[in-house]
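The next block is my_file.pdb, given as PDB, C-alpha atoms.
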MODEL        1
ATOM      1  CA  MET V   1    -210.402  80.939 217.257  1.00  0.00           C
ATOM      2  CA  LYS V   2    -209.375  81.841 220.769  1.00  0.00           C
ATOM      3  CA  THR V   3    -207.979  85.244 221.658  1.00  0.00           C
ATOM      4  CA  LYS V   4    -204.533  83.841 222.565  1.00  0.00           C
ATOM      5  CA  GLU V   5    -204.323  82.038 219.208  1.00  0.00           C
ATOM      6  CA  ARG V   6    -205.284  85.169 217.291  1.00  0.00           C
ATOM      7  CA  PHE V   7    -202.656  87.178 219.196  1.00  0.00           C
ATOM      8  CA  PHE V   8    -200.010  84.531 218.505  1.00  0.00           C
ATOM      9  CA  TYR V   9    -200.690  84.605 214.752  1.00  0.00           C
ATOM     10  CA  MET V  10    -200.643  88.404 214.735  1.00  0.00           C
ATOM     11  CA  VAL V  11    -197.236  88.486 216.429  1.00  0.00           C
ATOM     12  CA  CYS V  12    -195.817  85.878 214.052  1.00  0.00           C
ATOM     13  CA  GLY V  13    -197.124  87.792 211.044  1.00  0.00           C
ATOM     14  CA  ALA V  14    -195.619  91.034 212.305  1.00  0.00           C
ATOM     15  CA  VAL V  15    -192.230  89.414 212.942  1.00  0.00           C
ATOM     16  CA  PHE V  16    -192.262  87.852 209.469  1.00  0.00           C
ATOM     17  CA  GLY V  17    -193.122  91.183 207.843  1.00  0.00           C
ATOM     18  CA  VAL V  18    -190.382  93.059 209.677  1.00  0.00           C
ATOM     19  CA  THR V  19    -187.864  90.358 208.719  1.00  0.00           C
ATOM     20  CA  ILE V  20    -188.750  90.662 205.020  1.00  0.00           C
ATOM     21  CA  LEU V  21    -188.478  94.465 205.250  1.00  0.00           C
ATOM     22  CA  LEU V  22    -185.034  94.302 206.847  1.00  0.00           C
ATOM     23  CA  ILE V  23    -183.783  91.878 204.217  1.00  0.00           C
ATOM     24  CA  GLY V  24    -185.032  94.174 201.462  1.00  0.00           C
ATOM     25  CA  MET V  25    -183.323  97.148 203.009  1.00  0.00           C
ATOM     26  CA  ALA V  26    -180.067  95.238 203.381  1.00  0.00           C
ATOM     27  CA  VAL V  27    -179.828  94.459 199.678  1.00  0.00           C
ATOM     28  CA  SER V  28    -181.265  97.694 198.292  1.00  0.00           C
ATOM     29  CA  PRO V  29    -178.949  99.990 196.282  1.00  0.00           C
ATOM     30  CA  THR V  30    -179.765 102.922 198.556  1.00  0.00           C
ATOM     31  CA  THR V  31    -178.542 101.063 201.610  1.00  0.00           C
ATOM     32  CA  ALA V  32    -175.512  99.694 199.741  1.00  0.00           C
ATOM     33  CA  GLN V  33    -174.325 103.248 199.073  1.00  0.00           C
ATOM     34  CA  ARG V  34    -174.162 103.855 202.823  1.00  0.00           C
ATOM     35  CA  ASP V  35    -172.549 100.560 203.820  1.00  0.00           C
ATOM     36  CA  THR V  36    -168.843 100.188 204.584  1.00  0.00           C
ATOM     37  CA  PHE V  37    -167.269  97.018 203.226  1.00  0.00           C
ATOM     38  CA  GLY V  38    -164.045  95.264 204.045  1.00  0.00           C
ATOM     39  CA  GLU V  39    -162.139  93.287 201.424  1.00  0.00           C
ATOM     40  CA  ILE V  40    -163.983  92.545 198.172  1.00  0.00           C
ATOM     41  CA  ILE V  41    -162.801  89.632 196.042  1.00  0.00           C
ATOM     42  CA  CYS V  42    -164.071  89.460 192.459  1.00  0.00           C
ATOM     43  CA  THR V  43    -162.886  88.820 188.909  1.00  0.00           C
ATOM     44  CA  GLY V  44    -164.242  92.113 187.586  1.00  0.00           C
ATOM     45  CA  LEU V  45    -165.908  95.306 188.716  1.00  0.00           C
ATOM     46  CA  THR V  46    -167.934  97.810 186.686  1.00  0.00           C
ATOM     47  CA  VAL V  47    -169.062 101.278 187.785  1.00  0.00           C
ATOM     48  CA  VAL V  48    -171.973 102.849 185.899  1.00  0.00           C
ATOM     49  CA  ASP V  49    -173.596 106.277 185.926  1.00  0.00           C
ATOM     50  CA  ARG V  50    -177.228 106.984 186.828  1.00  0.00           C
ATOM     51  CA  GLU V  51    -178.344 105.998 183.332  1.00  0.00           C
ATOM     52  CA  GLY V  52    -176.549 102.660 183.566  1.00  0.00           C
ATOM     53  CA  ASN V  53    -173.723 103.580 181.162  1.00  0.00           C
ATOM     54  CA  LYS V  54    -170.338 102.009 181.882  1.00  0.00           C
ATOM     55  CA  ARG V  55    -167.839 104.565 183.176  1.00  0.00           C
ATOM     56  CA  VAL V  56    -165.135 102.566 184.982  1.00  0.00           C
ATOM     57  CA  ARG V  57    -164.110  98.935 184.551  1.00  0.00           C
ATOM     58  CA  LEU V  58    -161.641  96.879 186.620  1.00  0.00           C
ATOM     59  CA  GLU V  59    -160.775  93.466 185.231  1.00  0.00           C
ATOM     60  CA  ILE V  60    -158.092  90.934 184.392  1.00  0.00           C
ATOM     61  CA  ASP V  61    -156.923  91.188 180.780  1.00  0.00           C
ATOM     62  CA  LYS V  62    -155.080  87.975 179.907  1.00  0.00           C
ATOM     63  CA  ASN V  63    -152.632  87.848 182.834  1.00  0.00           C
ATOM     64  CA  ASP V  64    -152.575  91.479 183.976  1.00  0.00           C
ATOM     65  CA  GLY V  65    -154.899  93.835 185.804  1.00  0.00           C
ATOM     66  CA  VAL V  66    -156.518  96.642 183.812  1.00  0.00           C
ATOM     67  CA  ILE V  67    -158.496  99.733 184.804  1.00  0.00           C
ATOM     68  CA  GLY V  68    -160.401 101.553 182.069  1.00  0.00           C
ATOM     69  CA  THR V  69    -162.386 104.800 182.116  1.00  0.00           C
ATOM     70  CA  TRP V  70    -165.142 105.670 179.603  1.00  0.00           C
ATOM     71  CA  ASN V  71    -166.513 109.086 178.689  1.00  0.00           C
ATOM     72  CA  ARG V  72    -170.163 109.980 178.277  1.00  0.00           C
ATOM     73  CA  HIS V  73    -169.956 109.107 174.571  1.00  0.00           C
ATOM     74  CA  GLY V  74    -169.202 105.487 175.404  1.00  0.00           C
ATOM     75  CA  LYS V  75    -165.524 105.678 174.351  1.00  0.00           C
ATOM     76  CA  ILE V  76    -162.649 104.535 176.533  1.00  0.00           C
ATOM     77  CA  VAL V  77    -160.452 107.588 177.232  1.00  0.00           C
ATOM     78  CA  ALA V  78    -157.973 106.359 179.867  1.00  0.00           C
ATOM     79  CA  LEU V  79    -156.392 102.996 180.497  1.00  0.00           C
ATOM     80  CA  MET V  80    -153.985 101.781 183.153  1.00  0.00           C
ATOM     81  CA  GLY V  81    -152.716  98.235 183.314  1.00  0.00           C
ATOM     82  CA  GLY V  82    -149.871  95.794 183.476  1.00  0.00           C
ATOM     83  CA  ARG V  83    -147.798  94.330 180.684  1.00  0.00           C
ATOM     84  CA  GLU V  84    -144.864  91.986 180.255  1.00  0.00           C
ATOM     85  CA  HIS V  85    -142.194  94.600 181.060  1.00  0.00           C
ATOM     86  CA  GLY V  86    -144.074  96.665 183.647  1.00  0.00           C
ATOM     87  CA  GLY V  87    -146.971  99.106 183.742  1.00  0.00           C
ATOM     88  CA  VAL V  88    -148.630 101.219 181.072  1.00  0.00           C
ATOM     89  CA  ILE V  89    -150.910 104.266 181.135  1.00  0.00           C
ATOM     90  CA  GLY V  90    -152.733 105.269 177.963  1.00  0.00           C
ATOM     91  CA  ILE V  91    -154.646 108.487 177.294  1.00  0.00           C
ATOM     92  CA  ARG V  92    -157.070 108.729 174.382  1.00  0.00           C
ATOM     93  CA  ASN V  93    -159.141 111.473 172.802  1.00  0.00           C
ATOM     94  CA  ARG V  94    -162.938 111.639 172.973  1.00  0.00           C
ATOM     95  CA  ASP V  95    -163.165 109.188 170.064  1.00  0.00           C
ATOM     96  CA  GLY V  96    -161.067 106.570 171.860  1.00  0.00           C
ATOM     97  CA  GLU V  97    -157.870 107.055 169.809  1.00  0.00           C
ATOM     98  CA  TYR V  98    -154.474 107.030 171.550  1.00  0.00           C
ATOM     99  CA  ILE V  99    -152.774 110.425 171.919  1.00  0.00           C
ATOM    100  CA  ALA V 100    -150.324 109.724 174.770  1.00  0.00           C
ATOM    101  CA  ARG V 101    -148.817 106.737 176.543  1.00  0.00           C
ATOM    102  CA  MET V 102    -146.452 106.191 179.451  1.00  0.00           C
ATOM    103  CA  PHE V 103    -144.946 102.741 179.821  1.00  0.00           C
ATOM    104  CA  SER V 104    -142.011 100.669 180.996  1.00  0.00           C
ATOM    105  CA  ASN V 105    -139.957  98.741 178.459  1.00  0.00           C
ATOM    106  CA  ASN V 106    -137.216  96.436 179.757  1.00  0.00           C
ATOM    107  CA  GLY V 107    -136.810  98.576 182.870  1.00  0.00           C
ATOM    108  CA  ILE V 108    -136.724 101.888 180.953  1.00  0.00           C
ATOM    109  CA  GLY V 109    -139.483 104.468 181.408  1.00  0.00           C
ATOM    110  CA  THR V 110    -140.917 106.023 178.237  1.00  0.00           C
ATOM    111  CA  ILE V 111    -143.476 108.752 177.487  1.00  0.00           C
ATOM    112  CA  GLN V 112    -144.928 108.859 173.962  1.00  0.00           C
ATOM    113  CA  VAL V 113    -147.135 111.556 172.418  1.00  0.00           C
ATOM    114  CA  SER V 114    -148.918 110.665 169.183  1.00  0.00           C
ATOM    115  CA  ASP V 115    -151.396 112.117 166.719  1.00  0.00           C
ATOM    116  CA  LEU V 116    -154.711 110.563 165.742  1.00  0.00           C
ATOM    117  CA  ARG V 117    -153.658 108.575 162.678  1.00  0.00           C
ATOM    118  CA  VAL V 118    -154.353 105.154 164.183  1.00  0.00           C
ATOM    119  CA  THR V 119    -154.292 102.188 161.791  1.00  0.00           C
ATOM    120  CA  ASP V 120    -153.960  98.426 162.080  1.00  0.00           C
ATOM    121  CA  LYS V 121    -150.206  98.784 161.532  1.00  0.00           C
ATOM    122  CA  VAL V 122    -149.928 101.836 163.812  1.00  0.00           C
ATOM    123  CA  PRO V 123    -152.286 100.995 166.727  1.00  0.00           C
ATOM    124  CA  TYR V 124    -151.076 103.839 168.939  1.00  0.00           C
ATOM    125  CA  GLY V 125    -151.064 106.619 166.349  1.00  0.00           C
ATOM    126  CA  THR V 126    -148.140 108.276 164.606  1.00  0.00           C
ATOM    127  CA  GLU V 127    -145.498 109.209 167.144  1.00  0.00           C
ATOM    128  CA  TRP V 128    -144.519 112.883 167.378  1.00  0.00           C
ATOM    129  CA  VAL V 129    -142.624 113.123 170.655  1.00  0.00           C
ATOM    130  CA  ARG V 130    -140.839 110.493 172.728  1.00  0.00           C
ATOM    131  CA  LEU V 131    -139.133 110.946 176.087  1.00  0.00           C
ATOM    132  CA  TRP V 132    -137.206 108.071 177.633  1.00  0.00           C
ATOM    133  CA  ALA V 133    -134.303 107.125 179.875  1.00  0.00           C
ATOM    134  CA  ALA V 134    -131.157 105.203 178.929  1.00  0.00           C
ATOM    135  CA  ASP V 135    -127.864 104.228 180.536  1.00  0.00           C
ATOM    136  CA  ASN V 136    -126.299 107.672 180.075  1.00  0.00           C
ATOM    137  CA  GLY V 137    -129.351 109.753 181.040  1.00  0.00           C
ATOM    138  CA  GLY V 138    -132.539 111.164 179.542  1.00  0.00           C
ATOM    139  CA  HIS V 139    -133.466 111.498 175.870  1.00  0.00           C
ATOM    140  CA  VAL V 140    -136.098 113.486 173.970  1.00  0.00           C
ATOM    141  CA  ALA V 141    -136.928 112.961 170.281  1.00  0.00           C
ATOM    142  CA  VAL V 142    -139.279 115.127 168.206  1.00  0.00           C
ATOM    143  CA  TYR V 143    -140.517 113.763 164.881  1.00  0.00           C
ATOM    144  CA  GLY V 144    -141.527 115.710 161.787  1.00  0.00           C
ATOM    145  CA  LYS V 145    -143.659 114.940 158.750  1.00  0.00           C
ATOM    146  CA  ASN V 146    -141.691 111.759 158.174  1.00  0.00           C
ATOM    147  CA  ALA V 147    -142.504 110.041 161.447  1.00  0.00           C
ATOM    148  CA  ASP V 148    -139.699 107.493 161.000  1.00  0.00           C
ATOM    149  CA  ILE V 149    -136.983 110.170 161.326  1.00  0.00           C
ATOM    150  CA  ALA V 150    -136.405 112.417 164.336  1.00  0.00           C
ATOM    151  CA  ALA V 151    -136.388 116.083 163.314  1.00  0.00           C
ATOM    152  CA  ALA V 152    -134.819 117.128 166.612  1.00  0.00           C
ATOM    153  CA  TYR V 153    -133.088 115.119 169.300  1.00  0.00           C
ATOM    154  CA  MET V 154    -131.847 116.038 172.778  1.00  0.00           C
ATOM    155  CA  THR V 155    -129.808 113.712 174.936  1.00  0.00           C
ATOM    156  CA  ALA V 156    -127.111 113.387 177.567  1.00  0.00           C
ATOM    157  CA  ARG V 157    -123.600 112.692 176.295  1.00  0.00           C
ATOM    158  CA  LEU V 158    -121.585 109.718 177.504  1.00  0.00           C
ATOM    159  CA  GLU V 159    -118.708 112.100 178.302  1.00  0.00           C
ATOM    160  CA  GLY V 160    -120.994 114.307 180.383  1.00  0.00           C
ATOM    161  CA  GLY V 161    -123.125 117.293 179.481  1.00  0.00           C
ATOM    162  CA  GLY V 162    -125.862 117.477 176.866  1.00  0.00           C
ATOM    163  CA  ILE V 163    -126.316 117.703 173.127  1.00  0.00           C
ATOM    164  CA  ILE V 164    -129.152 118.789 170.804  1.00  0.00           C
ATOM    165  CA  TRP V 165    -129.345 117.713 167.158  1.00  0.00           C
ATOM    166  CA  VAL V 166    -131.495 119.199 164.396  1.00  0.00           C
ATOM    167  CA  THR V 167    -131.797 117.014 161.304  1.00  0.00           C
ATOM    168  CA  ASP V 168    -132.865 117.441 157.676  1.00  0.00           C
ATOM    169  CA  GLN V 169    -135.528 115.444 155.847  1.00  0.00           C
ATOM    170  CA  ASP V 170    -133.115 112.521 155.492  1.00  0.00           C
ATOM    171  CA  GLY V 171    -132.316 112.369 159.192  1.00  0.00           C
ATOM    172  CA  ASP V 172    -128.797 113.814 158.848  1.00  0.00           C
ATOM    173  CA  ALA V 173    -127.701 116.255 161.555  1.00  0.00           C
ATOM    174  CA  VAL V 174    -127.395 119.769 160.103  1.00  0.00           C
ATOM    175  CA  ALA V 175    -127.038 121.670 163.379  1.00  0.00           C
ATOM    176  CA  THR V 176    -125.874 120.712 166.869  1.00  0.00           C
ATOM    177  CA  LEU V 177    -125.667 122.404 170.218  1.00  0.00           C
ATOM    178  CA  THR V 178    -123.167 120.688 172.485  1.00  0.00           C
ATOM    179  CA  SER V 179    -121.300 121.107 175.716  1.00  0.00           C
ATOM    180  CA  TYR V 180    -117.584 120.353 175.714  1.00  0.00           C
ATOM    181  CA  GLU V 181    -114.545 120.950 177.932  1.00  0.00           C
ATOM    182  CA  ARG V 182    -114.444 124.741 177.433  1.00  0.00           C
ATOM    183  CA  GLY V 183    -118.178 125.443 177.420  1.00  0.00           C
ATOM    184  CA  GLY V 184    -120.799 125.496 174.675  1.00  0.00           C
ATOM    185  CA  LEU V 185    -120.430 124.679 170.970  1.00  0.00           C
ATOM    186  CA  ILE V 186    -122.870 125.386 168.108  1.00  0.00           C
ATOM    187  CA  ARG V 187    -122.054 123.681 164.818  1.00  0.00           C
ATOM    188  CA  VAL V 188    -123.791 123.968 161.420  1.00  0.00           C
ATOM    189  CA  ARG V 189    -123.197 121.313 158.771  1.00  0.00           C
ATOM    190  CA  GLY V 190    -123.868 121.024 155.056  1.00  0.00           C
ATOM    191  CA  LYS V 191    -125.845 118.388 153.200  1.00  0.00           C
ATOM    192  CA  ASP V 192    -122.777 116.176 152.982  1.00  0.00           C
ATOM    193  CA  GLY V 193    -122.286 116.321 156.755  1.00  0.00           C
ATOM    194  CA  GLY V 194    -119.215 118.561 156.591  1.00  0.00           C
ATOM    195  CA  ASP V 195    -118.846 121.545 158.916  1.00  0.00           C
ATOM    196  CA  ARG V 196    -119.829 124.921 157.466  1.00  0.00           C
ATOM    197  CA  ALA V 197    -119.672 127.135 160.563  1.00  0.00           C
ATOM    198  CA  ASP V 198    -119.273 126.859 164.302  1.00  0.00           C
ATOM    199  CA  MET V 199    -119.444 129.138 167.301  1.00  0.00           C
ATOM    200  CA  LYS V 200    -117.889 128.136 170.579  1.00  0.00           C
ATOM    201  CA  ALA V 201    -116.099 129.140 173.715  1.00  0.00           C
ATOM    202  CA  GLY V 202    -112.407 129.299 172.825  1.00  0.00           C
ATOM    203  CA  LYS V 203    -109.236 129.392 174.876  1.00  0.00           C
ATOM    204  CA  TYR V 204    -109.303 133.190 175.272  1.00  0.00           C
ATOM    205  CA  GLY V 205    -113.018 133.897 174.753  1.00  0.00           C
ATOM    206  CA  GLY V 206    -115.662 133.488 172.070  1.00  0.00           C
ATOM    207  CA  LEU V 207    -114.675 132.076 168.673  1.00  0.00           C
ATOM    208  CA  VAL V 208    -116.513 131.853 165.302  1.00  0.00           C
ATOM    209  CA  ASN V 209    -115.206 129.766 162.401  1.00  0.00           C
ATOM    210  CA  VAL V 210    -116.510 129.596 158.819  1.00  0.00           C
ATOM    211  CA  TYR V 211    -115.565 126.703 156.477  1.00  0.00           C
ATOM    212  CA  SER V 212    -115.672 126.063 152.728  1.00  0.00           C
ATOM    213  CA  ASN V 213    -117.753 123.359 151.063  1.00  0.00           C
ATOM    214  CA  HIS V 214    -114.736 121.084 151.434  1.00  0.00           C
ATOM    215  CA  GLY V 215    -114.392 121.704 155.156  1.00  0.00           C
ATOM    216  CA  GLU V 216    -111.343 124.026 155.030  1.00  0.00           C
ATOM    217  CA  GLY V 217    -111.308 127.008 157.390  1.00  0.00           C
ATOM    218  CA  ARG V 218    -111.777 130.278 155.488  1.00  0.00           C
ATOM    219  CA  SER V 219    -112.367 132.877 158.203  1.00  0.00           C
ATOM    220  CA  THR V 220    -112.170 133.185 161.971  1.00  0.00           C
ATOM    221  CA  MET V 221    -113.377 135.817 164.386  1.00  0.00           C
ATOM    222  CA  GLY V 222    -112.507 135.619 168.050  1.00  0.00           C
ATOM    223  CA  VAL V 223    -110.443 136.908 170.935  1.00  0.00           C
ATOM    224  CA  ASN V 224    -106.654 136.546 170.858  1.00  0.00           C
ATOM    225  CA  GLN V 225    -104.271 135.873 173.734  1.00  0.00           C
ATOM    226  CA  SER V 226    -103.898 139.603 174.374  1.00  0.00           C
ATOM    227  CA  GLY V 227    -107.601 139.932 174.967  1.00  0.00           C
ATOM    228  CA  HIS V 228    -108.173 141.857 171.728  1.00  0.00           C
ATOM    229  CA  GLY V 229    -110.722 141.049 169.044  1.00  0.00           C
ATOM    230  CA  ALA V 230    -109.198 139.391 165.974  1.00  0.00           C
ATOM    231  CA  VAL V 231    -110.389 138.486 162.469  1.00  0.00           C
ATOM    232  CA  ALA V 232    -108.433 136.238 160.109  1.00  0.00           C
ATOM    233  CA  THR V 233    -109.204 135.043 156.545  1.00  0.00           C
ATOM    234  CA  TRP V 234    -107.672 132.528 154.124  1.00  0.00           C
ATOM    235  CA  ASP V 235    -107.902 132.195 150.351  1.00  0.00           C
ATOM    236  CA  LYS V 236    -108.979 129.107 148.438  1.00  0.00           C
ATOM    237  CA  HIS V 237    -105.426 127.799 148.445  1.00  0.00           C
ATOM    238  CA  GLY V 238    -105.182 127.913 152.198  1.00  0.00           C
ATOM    239  CA  GLU V 239    -102.941 130.933 152.250  1.00  0.00           C
ATOM    240  CA  LYS V 240    -103.675 133.539 154.904  1.00  0.00           C
ATOM    241  CA  HIS V 241    -105.309 136.432 153.129  1.00  0.00           C
ATOM    242  CA  GLY V 242    -105.938 138.943 155.859  1.00  0.00           C
ATOM    243  CA  ASP V 243    -105.479 139.480 159.582  1.00  0.00           C
ATOM    244  CA  LEU V 244    -107.140 142.186 161.653  1.00  0.00           C
ATOM    245  CA  LYS V 245    -106.182 142.556 165.317  1.00  0.00           C
TER     246      LYS V 245
ENDMDL
END
Give the structure from the file, written as structure tokens.
Amino acid sequence: MKTKERFFYMVCGAVFGVTILLIGMAVSPTTAQRDTFGEIICTGLTVVDREGNKRVRLEIDKNDGVIGTWNRHGKIVALMGGREHGGVIGIRNRDGEYIARMFSNNGIGTIQVSDLRVTDKVPYGTEWVRLWAADNGGHVAVYGKNADIAAAYMTARLEGGGIIWVTDQDGDAVATLTSYERGGLIRVRGKDGGDRADMKAGKYGGLVNVYSNHGEGRSTMGVNQSGHGAVATWDKHGEKHGDLK
């Protein structure tokens, strides 16, 4: 073989080897970490850790986009996606059970905090706290042992101002804190729903009323029109029994 032919084959072999090396570098994971990409179009994307465990997943679930995050135990702990009425964000504990959600329902934003009692009938756990918006303002409900009945409820009144209810085991309001035209009003009710006592801002100052089991006023303590403290009581027949000014 002539010298020129040997040189030609050497050059071709070197060029071929360099080409293969460049191609390998272009597709290697190490190089991919340093590359800057433009738009990426795909139907799903998975991010794994160094051991190959799935940590983040981006995909299309039915008709909506979903992003999920997994912990080191292989459980999904955060989820963000779309739904029929808007978006939803779900937070789970280390075992993958829902403990909090934020979602849109018919244009209304809602935040829900749950416990871990997830079943087939209760897929998001038993609700303990719910915060949401309505036409007249914001609402907060706190649930007790009976998760179907709110133990405490705070909301905005249609007339303006706010109101807080505390309920008994049957869901009946037994105490309320309300704003009204003269200021604040605290009312305590009996089992039958009738008023038993109230404390409020009166015409001349503070006023406390105590009622019988039948709802009749039996004693009052407040400030009279002269600015003095006054106490009045009535007997069971409704007759005024005493008056201290």
Pull out every residue that the PyMOL selection byres ((chain V and resi 48-62) around 10) matches in the shown coordinates and put them as JSON, numbers by chain.
{"V": [42, 43, 44, 45, 46, 47, 63, 64, 65, 66, 67, 68, 69, 70, 71, 72, 73, 74, 75, 76, 77, 78, 79, 80, 81, 82, 83]}
To one decimal place, how far is CA of Ala156 in chain V from CA of Tyr211 in chain V in Å?
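Between CA of Ala156 in chain V and CA of Tyr211 in chain V the gap is 27.5 Å.
The coordinates place CA of Asn136 in chain V at 26.6 Å from CA of Gly90 in chain V.
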Which residue is closest to Ala201 in chain V? Choose from V:Asp135, V:Glu159, V:Glu181, V:Asp168 and count only C-alpha atoms.
V:Glu181
Taking all atoms of range 55-61 of chain V that the file lists and extending 8 Å past them on each side, where is the centre of the axis-aligned box and how long are its edges? Answer in Å to one decimal, as AutoDock Vina command-line options.
--center_x -162.4 --center_y 97.7 --center_z 183.7 --size_x 26.9 --size_y 29.6 --size_z 21.8
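One distance worth recording is that between CA of His237 in chain V and CA of Asp172 in chain V, which is 29.2 Å.
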On this file, the PyMOL selection byres ((chain V and resi 142-144) around 10) gives some set of residues; write that set as a PyMOL selection string.
chain V and resi 113-114+126-131+140-141+145-154+166-169
Run the PyMOL selection byres ((chain V and resi 214) around 9) on the file and write out the hits as a list in words.
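Applied to this file, the PyMOL selection byres ((chain V and resi 214) around 9) returns Gly194, Asp195, Arg196, Tyr211, Ser212, Asn213, Gly215 and Glu216 of chain V.
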Go through V:Gly205, V:Tyr98, V:Ile89, V:Lys240 and flag the residue nearest His228 in chain V, using all atoms listed in the file for the distances.
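Of all the options, V:Gly205 lies closest to His228 in chain V.
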